[in-house]
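Dropping work.cif in here (mmCIF, N, CA and C atoms):
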data_coords
#
loop_
_atom_site.label_atom_id
_atom_site.label_comp_id
_atom_site.auth_asym_id
_atom_site.auth_seq_id
_atom_site.Cartn_x
_atom_site.Cartn_y
_atom_site.Cartn_z
N MET A 519 26.65 7.08 -9.11
CA MET A 519 25.68 7.72 -9.97
C MET A 519 25.83 9.23 -9.84
N ALA A 520 25.79 9.90 -10.98
CA ALA A 520 25.91 11.35 -10.98
C ALA A 520 24.62 11.98 -10.47
N ALA A 521 24.69 13.27 -10.23
CA ALA A 521 23.50 14.00 -9.77
C ALA A 521 22.40 13.90 -10.81
N ILE A 522 21.17 13.87 -10.35
CA ILE A 522 20.02 13.78 -11.24
C ILE A 522 19.59 15.19 -11.60
N PRO A 523 19.54 15.51 -12.90
CA PRO A 523 19.15 16.88 -13.28
C PRO A 523 17.67 17.13 -13.03
N ILE A 524 17.36 18.39 -12.70
CA ILE A 524 15.99 18.83 -12.52
C ILE A 524 15.71 19.83 -13.64
N ILE A 525 14.74 19.49 -14.47
CA ILE A 525 14.40 20.33 -15.62
C ILE A 525 13.09 21.05 -15.32
N ARG A 526 13.04 22.34 -15.64
CA ARG A 526 11.81 23.11 -15.45
C ARG A 526 11.17 23.33 -16.82
N LEU A 527 9.90 22.95 -16.92
CA LEU A 527 9.11 23.20 -18.12
C LEU A 527 7.89 23.98 -17.65
N ARG A 528 7.91 25.29 -17.90
CA ARG A 528 6.91 26.21 -17.38
C ARG A 528 6.85 26.08 -15.86
N ASN A 529 5.73 25.61 -15.33
CA ASN A 529 5.57 25.52 -13.87
C ASN A 529 5.72 24.09 -13.35
N VAL A 530 6.32 23.22 -14.16
CA VAL A 530 6.49 21.83 -13.78
C VAL A 530 7.98 21.46 -13.77
N LEU A 531 8.38 20.75 -12.72
CA LEU A 531 9.75 20.23 -12.64
C LEU A 531 9.73 18.79 -13.12
N ILE A 532 10.76 18.42 -13.88
CA ILE A 532 10.87 17.05 -14.39
C ILE A 532 12.19 16.48 -13.93
N VAL A 533 12.10 15.29 -13.31
CA VAL A 533 13.28 14.57 -12.86
C VAL A 533 13.25 13.22 -13.57
N SER A 534 14.29 12.94 -14.34
CA SER A 534 14.37 11.66 -15.04
C SER A 534 15.42 10.79 -14.36
N VAL A 535 14.94 9.72 -13.73
CA VAL A 535 15.83 8.83 -12.98
C VAL A 535 16.31 7.72 -13.92
N GLN A 536 17.61 7.55 -13.97
CA GLN A 536 18.22 6.51 -14.80
C GLN A 536 19.04 5.60 -13.89
N GLY A 537 18.71 4.34 -13.83
CA GLY A 537 19.47 3.40 -13.00
C GLY A 537 19.00 3.41 -11.56
N ASP A 538 19.79 2.74 -10.72
CA ASP A 538 19.44 2.59 -9.31
C ASP A 538 19.77 3.85 -8.52
N LEU A 539 19.00 4.06 -7.45
CA LEU A 539 19.24 5.18 -6.55
C LEU A 539 20.03 4.70 -5.33
N THR A 540 20.96 5.52 -4.90
CA THR A 540 21.68 5.24 -3.67
C THR A 540 21.18 6.20 -2.59
N ASP A 541 21.54 5.93 -1.36
CA ASP A 541 21.17 6.83 -0.26
C ASP A 541 21.66 8.25 -0.54
N THR A 542 22.89 8.35 -1.01
CA THR A 542 23.50 9.65 -1.29
C THR A 542 22.74 10.39 -2.39
N THR A 543 22.38 9.67 -3.45
CA THR A 543 21.66 10.28 -4.56
C THR A 543 20.28 10.75 -4.12
N VAL A 544 19.57 9.93 -3.34
CA VAL A 544 18.23 10.31 -2.87
C VAL A 544 18.32 11.55 -1.99
N LEU A 545 19.28 11.60 -1.08
CA LEU A 545 19.46 12.76 -0.21
C LEU A 545 19.77 14.01 -1.03
N ALA A 546 20.67 13.88 -2.02
CA ALA A 546 21.03 15.01 -2.87
C ALA A 546 19.82 15.49 -3.68
N LEU A 547 19.01 14.54 -4.17
CA LEU A 547 17.83 14.90 -4.95
C LEU A 547 16.80 15.62 -4.08
N LYS A 548 16.60 15.14 -2.85
CA LYS A 548 15.67 15.81 -1.92
C LYS A 548 16.11 17.25 -1.69
N GLU A 549 17.39 17.45 -1.43
CA GLU A 549 17.91 18.80 -1.19
C GLU A 549 17.76 19.68 -2.42
N ALA A 550 18.13 19.13 -3.58
CA ALA A 550 18.06 19.91 -4.81
C ALA A 550 16.61 20.29 -5.14
N LEU A 551 15.68 19.35 -4.97
CA LEU A 551 14.27 19.64 -5.26
C LEU A 551 13.71 20.71 -4.32
N THR A 552 13.95 20.55 -3.03
CA THR A 552 13.40 21.53 -2.09
C THR A 552 14.03 22.91 -2.29
N ASP A 553 15.32 22.95 -2.60
CA ASP A 553 15.98 24.24 -2.89
C ASP A 553 15.41 24.88 -4.14
N THR A 554 15.20 24.06 -5.18
CA THR A 554 14.66 24.57 -6.44
C THR A 554 13.26 25.12 -6.23
N ILE A 555 12.42 24.40 -5.49
CA ILE A 555 11.05 24.84 -5.24
C ILE A 555 11.02 26.09 -4.37
N GLU A 556 11.93 26.17 -3.42
CA GLU A 556 11.99 27.35 -2.55
C GLU A 556 12.38 28.60 -3.35
N ARG A 557 13.33 28.45 -4.28
CA ARG A 557 13.78 29.59 -5.08
C ARG A 557 12.76 30.03 -6.12
N ALA A 558 12.13 29.05 -6.78
CA ALA A 558 11.14 29.35 -7.83
C ALA A 558 10.03 28.32 -7.74
N PRO A 559 8.96 28.65 -7.04
CA PRO A 559 7.88 27.69 -6.81
C PRO A 559 7.38 27.04 -8.10
N ALA A 560 6.93 25.81 -7.97
CA ALA A 560 6.39 25.04 -9.09
C ALA A 560 5.03 24.49 -8.68
N ASP A 561 4.22 24.15 -9.66
CA ASP A 561 2.92 23.56 -9.38
C ASP A 561 2.97 22.04 -9.42
N GLY A 562 3.92 21.50 -10.18
CA GLY A 562 3.97 20.06 -10.35
C GLY A 562 5.38 19.53 -10.47
N LEU A 563 5.51 18.23 -10.19
CA LEU A 563 6.76 17.51 -10.31
C LEU A 563 6.47 16.18 -10.99
N VAL A 564 7.24 15.88 -12.03
CA VAL A 564 7.15 14.58 -12.67
C VAL A 564 8.45 13.84 -12.38
N ILE A 565 8.32 12.65 -11.79
CA ILE A 565 9.47 11.78 -11.60
C ILE A 565 9.32 10.69 -12.65
N ASP A 566 10.17 10.75 -13.67
CA ASP A 566 10.11 9.80 -14.78
C ASP A 566 11.09 8.66 -14.49
N ILE A 567 10.53 7.46 -14.32
CA ILE A 567 11.38 6.30 -14.00
C ILE A 567 11.42 5.29 -15.14
N SER A 568 11.13 5.76 -16.36
CA SER A 568 11.15 4.85 -17.50
C SER A 568 12.56 4.31 -17.77
N GLY A 569 13.58 4.98 -17.25
CA GLY A 569 14.96 4.52 -17.43
C GLY A 569 15.45 3.61 -16.32
N VAL A 570 14.54 3.19 -15.43
CA VAL A 570 14.91 2.32 -14.31
C VAL A 570 14.47 0.90 -14.64
N ASP A 571 15.37 -0.05 -14.45
CA ASP A 571 15.06 -1.45 -14.75
C ASP A 571 14.27 -2.13 -13.65
N LEU A 572 14.55 -1.76 -12.41
CA LEU A 572 13.93 -2.44 -11.28
C LEU A 572 13.61 -1.44 -10.19
N VAL A 573 12.39 -1.48 -9.70
CA VAL A 573 12.01 -0.63 -8.57
C VAL A 573 11.82 -1.53 -7.36
N ASP A 574 12.69 -1.37 -6.39
CA ASP A 574 12.56 -2.15 -5.16
C ASP A 574 11.86 -1.30 -4.10
N THR A 575 11.68 -1.85 -2.91
CA THR A 575 10.97 -1.11 -1.86
C THR A 575 11.72 0.16 -1.47
N TYR A 576 13.04 0.12 -1.51
CA TYR A 576 13.82 1.32 -1.16
C TYR A 576 13.50 2.46 -2.13
N MET A 577 13.55 2.14 -3.44
CA MET A 577 13.29 3.18 -4.45
C MET A 577 11.84 3.65 -4.37
N ALA A 578 10.90 2.73 -4.20
CA ALA A 578 9.49 3.10 -4.11
C ALA A 578 9.26 4.02 -2.91
N ARG A 579 9.87 3.69 -1.79
CA ARG A 579 9.75 4.53 -0.59
C ARG A 579 10.38 5.90 -0.83
N ALA A 580 11.50 5.93 -1.53
CA ALA A 580 12.16 7.21 -1.82
C ALA A 580 11.27 8.09 -2.68
N PHE A 581 10.62 7.51 -3.71
CA PHE A 581 9.71 8.28 -4.56
C PHE A 581 8.51 8.78 -3.76
N ARG A 582 7.97 7.92 -2.91
CA ARG A 582 6.82 8.30 -2.08
C ARG A 582 7.21 9.43 -1.13
N ASP A 583 8.38 9.31 -0.49
CA ASP A 583 8.84 10.35 0.43
C ASP A 583 9.07 11.68 -0.29
N LEU A 584 9.70 11.62 -1.47
CA LEU A 584 9.91 12.84 -2.25
C LEU A 584 8.58 13.51 -2.57
N SER A 585 7.62 12.69 -2.95
CA SER A 585 6.29 13.20 -3.27
C SER A 585 5.65 13.89 -2.07
N GLN A 586 5.76 13.28 -0.90
CA GLN A 586 5.16 13.86 0.30
C GLN A 586 5.86 15.15 0.71
N ILE A 587 7.18 15.18 0.56
CA ILE A 587 7.93 16.38 0.92
C ILE A 587 7.51 17.56 0.04
N VAL A 588 7.48 17.34 -1.28
CA VAL A 588 7.14 18.46 -2.16
C VAL A 588 5.65 18.81 -2.08
N ARG A 589 4.80 17.82 -1.76
CA ARG A 589 3.37 18.12 -1.58
C ARG A 589 3.18 19.08 -0.41
N LEU A 590 3.98 18.92 0.65
CA LEU A 590 3.91 19.85 1.79
C LEU A 590 4.37 21.25 1.39
N MET A 591 5.09 21.33 0.28
CA MET A 591 5.53 22.63 -0.25
C MET A 591 4.57 23.13 -1.34
N GLY A 592 3.44 22.42 -1.53
CA GLY A 592 2.42 22.86 -2.48
C GLY A 592 2.60 22.34 -3.90
N VAL A 593 3.38 21.29 -4.07
CA VAL A 593 3.67 20.76 -5.40
C VAL A 593 3.10 19.36 -5.55
N GLN A 594 2.30 19.16 -6.60
CA GLN A 594 1.71 17.86 -6.87
C GLN A 594 2.71 17.00 -7.66
N THR A 595 2.82 15.71 -7.32
CA THR A 595 3.77 14.82 -7.97
C THR A 595 3.07 13.76 -8.79
N VAL A 596 3.66 13.47 -9.96
CA VAL A 596 3.20 12.35 -10.79
C VAL A 596 4.42 11.48 -11.08
N LEU A 597 4.28 10.19 -10.80
CA LEU A 597 5.32 9.21 -11.09
C LEU A 597 5.00 8.63 -12.46
N ALA A 598 5.92 8.78 -13.41
CA ALA A 598 5.67 8.34 -14.78
C ALA A 598 6.65 7.23 -15.17
N GLY A 599 6.18 6.35 -16.05
CA GLY A 599 7.06 5.33 -16.61
C GLY A 599 7.14 4.05 -15.84
N LEU A 600 6.22 3.82 -14.94
CA LEU A 600 6.20 2.58 -14.16
C LEU A 600 5.62 1.49 -15.04
N ASP A 601 6.44 0.48 -15.39
CA ASP A 601 5.93 -0.55 -16.29
C ASP A 601 5.09 -1.58 -15.53
N PRO A 602 4.31 -2.39 -16.24
CA PRO A 602 3.39 -3.33 -15.58
C PRO A 602 4.08 -4.30 -14.61
N ALA A 603 5.26 -4.77 -14.95
CA ALA A 603 5.97 -5.71 -14.06
C ALA A 603 6.35 -5.03 -12.75
N MET A 604 6.81 -3.79 -12.84
CA MET A 604 7.18 -3.05 -11.63
C MET A 604 5.94 -2.79 -10.78
N ALA A 605 4.84 -2.39 -11.41
CA ALA A 605 3.61 -2.12 -10.67
C ALA A 605 3.14 -3.39 -9.96
N GLY A 606 3.18 -4.52 -10.66
CA GLY A 606 2.78 -5.79 -10.06
C GLY A 606 3.65 -6.16 -8.89
N THR A 607 4.95 -5.96 -9.02
CA THR A 607 5.88 -6.27 -7.94
C THR A 607 5.60 -5.42 -6.71
N LEU A 608 5.35 -4.13 -6.92
CA LEU A 608 5.06 -3.24 -5.78
C LEU A 608 3.79 -3.68 -5.06
N VAL A 609 2.78 -4.08 -5.83
CA VAL A 609 1.53 -4.54 -5.22
C VAL A 609 1.78 -5.82 -4.43
N GLU A 610 2.53 -6.75 -5.00
CA GLU A 610 2.82 -8.02 -4.32
C GLU A 610 3.60 -7.79 -3.03
N MET A 611 4.46 -6.77 -3.01
CA MET A 611 5.25 -6.46 -1.82
C MET A 611 4.43 -5.68 -0.79
N GLY A 612 3.22 -5.29 -1.16
CA GLY A 612 2.38 -4.53 -0.25
C GLY A 612 2.78 -3.08 -0.14
N MET A 613 3.55 -2.60 -1.10
CA MET A 613 4.03 -1.22 -1.09
C MET A 613 2.96 -0.30 -1.63
N THR A 614 2.49 0.62 -0.82
CA THR A 614 1.50 1.58 -1.28
C THR A 614 2.20 2.87 -1.67
N MET A 615 1.68 3.49 -2.69
CA MET A 615 2.22 4.77 -3.15
C MET A 615 1.18 5.85 -2.88
N GLU A 616 0.65 5.82 -1.67
CA GLU A 616 -0.40 6.74 -1.28
C GLU A 616 0.05 8.19 -1.49
N GLY A 617 -0.83 8.95 -2.13
CA GLY A 617 -0.52 10.36 -2.37
C GLY A 617 0.31 10.61 -3.61
N VAL A 618 0.68 9.55 -4.33
CA VAL A 618 1.49 9.71 -5.54
C VAL A 618 0.61 9.34 -6.73
N HIS A 619 0.41 10.30 -7.61
CA HIS A 619 -0.33 10.04 -8.84
C HIS A 619 0.62 9.34 -9.80
N THR A 620 0.07 8.52 -10.68
CA THR A 620 0.91 7.82 -11.65
C THR A 620 0.40 8.06 -13.06
N ALA A 621 1.31 7.93 -14.01
CA ALA A 621 0.98 8.05 -15.43
C ALA A 621 1.84 7.08 -16.20
N LEU A 622 1.33 6.66 -17.35
CA LEU A 622 2.04 5.68 -18.16
C LEU A 622 3.36 6.22 -18.69
N ASN A 623 3.38 7.50 -19.07
CA ASN A 623 4.59 8.08 -19.65
C ASN A 623 4.68 9.57 -19.32
N LEU A 624 5.75 10.19 -19.78
CA LEU A 624 5.99 11.60 -19.47
C LEU A 624 4.89 12.50 -20.04
N GLU A 625 4.47 12.24 -21.26
CA GLU A 625 3.43 13.06 -21.87
C GLU A 625 2.14 13.01 -21.05
N ALA A 626 1.72 11.82 -20.63
CA ALA A 626 0.51 11.69 -19.82
C ALA A 626 0.67 12.38 -18.47
N ALA A 627 1.87 12.31 -17.90
CA ALA A 627 2.13 12.97 -16.61
C ALA A 627 2.00 14.48 -16.75
N LEU A 628 2.56 15.03 -17.81
CA LEU A 628 2.47 16.48 -18.03
C LEU A 628 1.02 16.91 -18.23
N GLU A 629 0.25 16.10 -18.93
CA GLU A 629 -1.16 16.42 -19.13
C GLU A 629 -1.92 16.38 -17.81
N LEU A 630 -1.59 15.42 -16.93
CA LEU A 630 -2.23 15.38 -15.61
C LEU A 630 -1.96 16.67 -14.84
N LEU A 631 -0.80 17.25 -15.06
CA LEU A 631 -0.42 18.47 -14.35
C LEU A 631 -0.83 19.74 -15.09
N GLY A 632 -1.60 19.57 -16.17
CA GLY A 632 -2.13 20.73 -16.87
C GLY A 632 -1.32 21.22 -18.04
N LEU A 633 -0.25 20.53 -18.39
CA LEU A 633 0.53 20.92 -19.57
C LEU A 633 0.15 19.98 -20.71
N ARG A 634 -0.50 20.51 -21.72
CA ARG A 634 -0.89 19.68 -22.86
C ARG A 634 0.21 19.70 -23.90
N ILE A 635 0.51 18.53 -24.42
CA ILE A 635 1.51 18.40 -25.47
C ILE A 635 0.76 18.35 -26.80
N SER A 636 1.08 19.26 -27.69
CA SER A 636 0.42 19.31 -28.99
C SER A 636 0.88 18.14 -29.85
N THR A 637 -0.04 17.54 -30.59
CA THR A 637 0.33 16.44 -31.47
C THR A 637 1.03 16.95 -32.72
N VAL A 638 0.93 18.25 -33.00
CA VAL A 638 1.55 18.82 -34.17
C VAL A 638 2.95 19.33 -33.86
N GLY A 639 3.13 19.93 -32.70
CA GLY A 639 4.41 20.53 -32.36
C GLY A 639 4.81 20.21 -30.94
N ASN A 640 5.40 21.19 -30.32
CA ASN A 640 5.86 21.03 -28.95
C ASN A 640 4.77 21.41 -27.97
N VAL A 641 5.16 21.75 -26.76
CA VAL A 641 4.21 22.17 -25.74
C VAL A 641 3.41 23.35 -26.29
N ASP A 642 2.11 23.37 -26.02
CA ASP A 642 1.28 24.47 -26.48
C ASP A 642 1.97 25.80 -26.18
N ASP A 643 2.03 26.63 -27.19
CA ASP A 643 2.79 27.87 -27.10
C ASP A 643 1.85 29.06 -27.22
N PRO A 644 1.82 29.94 -26.21
CA PRO A 644 0.91 31.09 -26.28
C PRO A 644 1.24 31.99 -27.46
N PHE A 645 2.51 32.05 -27.89
CA PHE A 645 2.88 32.88 -29.03
C PHE A 645 2.32 32.29 -30.32
N GLU A 646 2.33 30.96 -30.43
CA GLU A 646 1.75 30.30 -31.60
C GLU A 646 0.24 30.52 -31.63
N ALA A 647 -0.39 30.46 -30.46
CA ALA A 647 -1.83 30.71 -30.39
C ALA A 647 -2.14 32.13 -30.85
N GLN A 648 -1.30 33.08 -30.43
CA GLN A 648 -1.50 34.47 -30.83
C GLN A 648 -1.30 34.61 -32.34
N ALA A 649 -0.29 33.94 -32.90
CA ALA A 649 -0.03 34.00 -34.34
C ALA A 649 -1.20 33.40 -35.11
N ALA A 650 -1.78 32.32 -34.61
CA ALA A 650 -2.93 31.70 -35.26
C ALA A 650 -4.12 32.67 -35.27
N THR A 651 -4.30 33.40 -34.18
CA THR A 651 -5.38 34.39 -34.10
C THR A 651 -5.17 35.49 -35.14
N VAL A 652 -3.94 35.95 -35.28
CA VAL A 652 -3.63 36.99 -36.26
C VAL A 652 -3.89 36.47 -37.66
N ARG A 653 -3.49 35.20 -37.96
CA ARG A 653 -3.75 34.63 -39.28
C ARG A 653 -5.25 34.55 -39.56
N GLU A 654 -6.03 34.15 -38.53
CA GLU A 654 -7.49 34.07 -38.70
C GLU A 654 -8.08 35.45 -38.97
N GLU A 655 -7.60 36.47 -38.27
CA GLU A 655 -8.08 37.83 -38.48
C GLU A 655 -7.71 38.32 -39.87
N ASP A 656 -6.50 38.00 -40.33
CA ASP A 656 -6.07 38.38 -41.68
C ASP A 656 -7.00 37.76 -42.73
N GLU A 657 -7.33 36.49 -42.54
CA GLU A 657 -8.24 35.82 -43.47
C GLU A 657 -9.62 36.47 -43.44
N LEU A 658 -10.08 36.80 -42.26
CA LEU A 658 -11.39 37.40 -42.08
C LEU A 658 -11.50 38.73 -42.83
N PHE A 659 -10.42 39.52 -42.79
CA PHE A 659 -10.43 40.84 -43.42
C PHE A 659 -9.79 40.83 -44.81
N GLY A 660 -9.48 39.64 -45.33
CA GLY A 660 -8.92 39.53 -46.68
C GLY A 660 -7.49 40.02 -46.79
N LEU A 661 -6.73 39.96 -45.71
CA LEU A 661 -5.36 40.46 -45.71
C LEU A 661 -4.32 39.36 -45.88
N GLU A 662 -4.76 38.11 -46.07
CA GLU A 662 -3.80 37.00 -46.08
C GLU A 662 -2.86 37.00 -47.26
N ASN A 663 -3.20 37.68 -48.36
CA ASN A 663 -2.35 37.68 -49.54
C ASN A 663 -1.47 38.92 -49.65
N LEU A 664 -1.51 39.78 -48.67
CA LEU A 664 -0.71 41.01 -48.72
C LEU A 664 0.70 40.78 -48.32
#
Please render this file's structure as structure tokens.
Amino acid sequence: MAAIPIIRLRNVLIVSVQGDLTDTTVLALKEALTDTIERAPADGLVIDISGVDLVDTYMARAFRDLSQIVRLMGVQTVLAGLDPAMAGTLVEMGMTMEGVHTALNLEAALELLGLRISTVGNVDDPFEAQAATVREEDELFGLENL
């Protein structure tokens, strides 16, 4: 498995896991995440596992450990994309994900971390908000047709 990319969206890091994790991949991901956070601190981390077919105890433990490591660095983690069958299996195995917040999908995870996704466009944009304010002021002063 190739290295897992870490994407930064404002103050949130996003890791999308596809397929099974190996010891080598987990170790590389831990190093990459801690290095990334050390260089440019983040407030949140989303681990999106919607591309994973099966979560076993090894993978669940790896996600929990990653969450605890980055939490010690001041970063809150949300595990997204855990389907009902996987959740049921983890419960049956007695696997606890203590300290790991969960969300149904990536959008819900980002919202938990304070990033709202607009239903009209992309992530809320301060420049768009400023442009909307200018349009409202233009309308207020009758400048919209100039």
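The space separating CA of Leu600 in chain A from CA of Thr542 in chain A comes to 22.7 Å.
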List the residues matched by the PyMOL selection byres (((chain A and resi 539 and name CA) around 12) and name CA) in the displayed structure as a short mmCIF file (atom, residue, chain, number, x, y, z; two decimals) with N, CA and C atoms, in the coordinates of the input, ordered by chain and then by residue number.
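So the final result, stored in part.cif, reads:
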data_model
loop_
_atom_site.label_atom_id
_atom_site.label_comp_id
_atom_site.auth_asym_id
_atom_site.auth_seq_id
_atom_site.Cartn_x
_atom_site.Cartn_y
_atom_site.Cartn_z
N MET A 519 26.65 7.08 -9.11
CA MET A 519 25.68 7.72 -9.97
C MET A 519 25.83 9.23 -9.84
N ALA A 520 25.79 9.90 -10.98
CA ALA A 520 25.91 11.35 -10.98
C ALA A 520 24.62 11.98 -10.47
N ALA A 521 24.69 13.27 -10.23
CA ALA A 521 23.50 14.00 -9.77
C ALA A 521 22.40 13.90 -10.81
N ILE A 522 21.17 13.87 -10.35
CA ILE A 522 20.02 13.78 -11.24
C ILE A 522 19.59 15.19 -11.60
N SER A 534 14.29 12.94 -14.34
CA SER A 534 14.37 11.66 -15.04
C SER A 534 15.42 10.79 -14.36
N VAL A 535 14.94 9.72 -13.73
CA VAL A 535 15.83 8.83 -12.98
C VAL A 535 16.31 7.72 -13.92
N GLN A 536 17.61 7.55 -13.97
CA GLN A 536 18.22 6.51 -14.80
C GLN A 536 19.04 5.60 -13.89
N GLY A 537 18.71 4.34 -13.83
CA GLY A 537 19.47 3.40 -13.00
C GLY A 537 19.00 3.41 -11.56
N ASP A 538 19.79 2.74 -10.72
CA ASP A 538 19.44 2.59 -9.31
C ASP A 538 19.77 3.85 -8.52
N THR A 540 20.96 5.52 -4.90
CA THR A 540 21.68 5.24 -3.67
C THR A 540 21.18 6.20 -2.59
N ASP A 541 21.54 5.93 -1.36
CA ASP A 541 21.17 6.83 -0.26
C ASP A 541 21.66 8.25 -0.54
N THR A 542 22.89 8.35 -1.01
CA THR A 542 23.50 9.65 -1.29
C THR A 542 22.74 10.39 -2.39
N THR A 543 22.38 9.67 -3.45
CA THR A 543 21.66 10.28 -4.56
C THR A 543 20.28 10.75 -4.12
N VAL A 544 19.57 9.93 -3.34
CA VAL A 544 18.23 10.31 -2.87
C VAL A 544 18.32 11.55 -1.99
N LEU A 545 19.28 11.60 -1.08
CA LEU A 545 19.46 12.76 -0.21
C LEU A 545 19.77 14.01 -1.03
N ALA A 546 20.67 13.88 -2.02
CA ALA A 546 21.03 15.01 -2.87
C ALA A 546 19.82 15.49 -3.68
N LEU A 547 19.01 14.54 -4.17
CA LEU A 547 17.83 14.90 -4.95
C LEU A 547 16.80 15.62 -4.08
N ILE A 567 10.53 7.46 -14.32
CA ILE A 567 11.38 6.30 -14.00
C ILE A 567 11.42 5.29 -15.14
N GLY A 569 13.58 4.98 -17.25
CA GLY A 569 14.96 4.52 -17.43
C GLY A 569 15.45 3.61 -16.32
N VAL A 570 14.54 3.19 -15.43
CA VAL A 570 14.91 2.32 -14.31
C VAL A 570 14.47 0.90 -14.64
N ASP A 571 15.37 -0.05 -14.45
CA ASP A 571 15.06 -1.45 -14.75
C ASP A 571 14.27 -2.13 -13.65
N LEU A 572 14.55 -1.76 -12.41
CA LEU A 572 13.93 -2.44 -11.28
C LEU A 572 13.61 -1.44 -10.19
N VAL A 573 12.39 -1.48 -9.70
CA VAL A 573 12.01 -0.63 -8.57
C VAL A 573 11.82 -1.53 -7.36
N ASP A 574 12.69 -1.37 -6.39
CA ASP A 574 12.56 -2.15 -5.16
C ASP A 574 11.86 -1.30 -4.10
N THR A 575 11.68 -1.85 -2.91
CA THR A 575 10.97 -1.11 -1.86
C THR A 575 11.72 0.16 -1.47
N TYR A 576 13.04 0.12 -1.51
CA TYR A 576 13.82 1.32 -1.16
C TYR A 576 13.50 2.46 -2.13
N MET A 577 13.55 2.14 -3.44
CA MET A 577 13.29 3.18 -4.45
C MET A 577 11.84 3.65 -4.37
N ALA A 578 10.90 2.73 -4.20
CA ALA A 578 9.49 3.10 -4.11
C ALA A 578 9.26 4.02 -2.91
N ARG A 579 9.87 3.69 -1.79
CA ARG A 579 9.75 4.53 -0.59
C ARG A 579 10.38 5.90 -0.83
N ALA A 580 11.50 5.93 -1.53
CA ALA A 580 12.16 7.21 -1.82
C ALA A 580 11.27 8.09 -2.68
N PHE A 581 10.62 7.51 -3.71
CA PHE A 581 9.71 8.28 -4.56
C PHE A 581 8.51 8.78 -3.76
#
- Contacts of Ser585 in chain A at 6.5 Å (only N, CA and C atoms; same-chain gap of 6+ positions) as a PyMOL selection string: chain A and resi 595+617-618
Store the residues picked out above, limited to N, CA and C atoms, as a JSON list (two decimals), in the coordinates of the input.
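Listed below is the output, selection.json:
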[["chain", "number", "residue", "atom", "x", "y", "z"],
["A", 595, "THR", "N", 2.82, 15.71, -7.32],
["A", 595, "THR", "CA", 3.77, 14.82, -7.97],
["A", 595, "THR", "C", 3.07, 13.76, -8.79],
["A", 617, "GLY", "N", -0.83, 8.95, -2.13],
["A", 617, "GLY", "CA", -0.52, 10.36, -2.37],
["A", 617, "GLY", "C", 0.31, 10.61, -3.61],
["A", 618, "VAL", "N", 0.68, 9.55, -4.33],
["A", 618, "VAL", "CA", 1.49, 9.71, -5.54],
["A", 618, "VAL", "C", 0.61, 9.34, -6.73]]
- Item | range 553-560 of chain A surroundings by only N, CA and C atoms, 6 Å radius, close-in-sequence under 6 positions cut, as a list in words |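 With the cut-off at 6 Å, the set is Asn529, Val530, Leu531, Gly592 and Val593 of chain A.
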- Message: I need the output of the PyMOL selection byres ((chain A and resi 533) around 6) for this file as a list in words; which residues are they?
- Response: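 This file gives the following for the PyMOL selection byres ((chain A and resi 533) around 6): Pro523, Ile524, Ile525, Leu531, Ile532, Ser534, Val535, Val564, Ile565 and Asp566 of chain A.
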- Message: Rounded to one decimal, what separation in Å do you get between atom N of Asp561 in chain A and CA of Leu608 in chain A?
- Response: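 Separating atom N of Asp561 in chain A from CA of Leu608 in chain A is a distance of 27.7 Å.
Residues selected in this file by the PyMOL selection byres (((chain A and resi 620 and name CA) around 6) and name CA) comprise A:Val596, A:Leu597, A:Ala598, A:His619, A:Ala621.
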Prev. selection, N, CA and C atoms, output as a PDB file, keeping the file's coordinate frame:
ATOM      1  N   VAL A 596       3.660  13.470  -9.960  1.00  0.00           N
ATOM      2  CA  VAL A 596       3.200  12.350 -10.790  1.00  0.00           C
ATOM      3  C   VAL A 596       4.420  11.480 -11.080  1.00  0.00           C
ATOM      4  N   LEU A 597       4.280  10.190 -10.800  1.00  0.00           N
ATOM      5  CA  LEU A 597       5.320   9.210 -11.090  1.00  0.00           C
ATOM      6  C   LEU A 597       5.000   8.630 -12.460  1.00  0.00           C
ATOM      7  N   ALA A 598       5.920   8.780 -13.410  1.00  0.00           N
ATOM      8  CA  ALA A 598       5.670   8.340 -14.780  1.00  0.00           C
ATOM      9  C   ALA A 598       6.650   7.230 -15.170  1.00  0.00           C
ATOM     10  N   HIS A 619       0.410  10.300  -7.610  1.00  0.00           N
ATOM     11  CA  HIS A 619      -0.330  10.040  -8.840  1.00  0.00           C
ATOM     12  C   HIS A 619       0.620   9.340  -9.800  1.00  0.00           C
ATOM     13  N   ALA A 621       1.310   7.930 -14.010  1.00  0.00           N
ATOM     14  CA  ALA A 621       0.980   8.050 -15.430  1.00  0.00           C
ATOM     15  C   ALA A 621       1.840   7.080 -16.200  1.00  0.00           C
TER      16      ALA A 621
END
- Query: Please, which residues of range 546-624 of chain A, numbered as in this document, come out strand (DSSP E) from DSSP, as a list in words?
  - Reply: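 Answer for range 546-624 of chain A restricted to strand (DSSP E) is Gly562, Leu563, Val564, Ile565, Asp566, Ile567, Ser568, Gly569, Gln594, Thr595, Val596, Leu597, Ala598, His619, Thr620 and Ala621 of chain A.
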Return the padded bounding box of range 565-572 of chain A as AutoDock Vina command-line options: axis-aligned, built from all atoms listed in the file, 3 Å added on each side, with centre and edge lengths in Å to one decimal.
--center_x 11.9 --center_y 5.1 --center_z -14.0 --size_x 13.1 --size_y 21.1 --size_z 13.6
- Identify, with DSSP run on backbone atoms, the residues in range 535-651 of chain A assigned to alpha helix (DSSP H), and express the list as an MDAnalysis selection string. chainID A and resid 541:557 575:590 602:610 624:630 644:651
- What separation in Å, quoted to one decimal, exists between CA of Ala605 in chain A and CA of Arg582 in chain A?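 Distance between the two atoms: 13.9 Å.
For the set A:Gln594, A:Thr607, A:Ser568, A:Gln586, the residue with the smallest atom-to-atom gap to Leu624 in chain A is A:Ser568, counting only C-alpha atoms.
Closest approach to Leu630 in chain A among A:Ala603, A:Leu563, A:Met615, A:Met591 is made by A:Leu563 (distances from only C-alpha atoms).
With only C-alpha atoms as the atoms that count, the minimum distance from Gly599 in chain A to the choices A:Leu633, A:Leu622, A:Leu527, A:Ala627 is reached by A:Leu622.
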- Message: Let me make sure I understand: among A:Asp583, A:Val609, A:Arg528, A:Gly562, which one has the smallest atom-to-atom distance to Lys548 in chain A if we use all atoms listed in the file?
- Response: A:Asp583
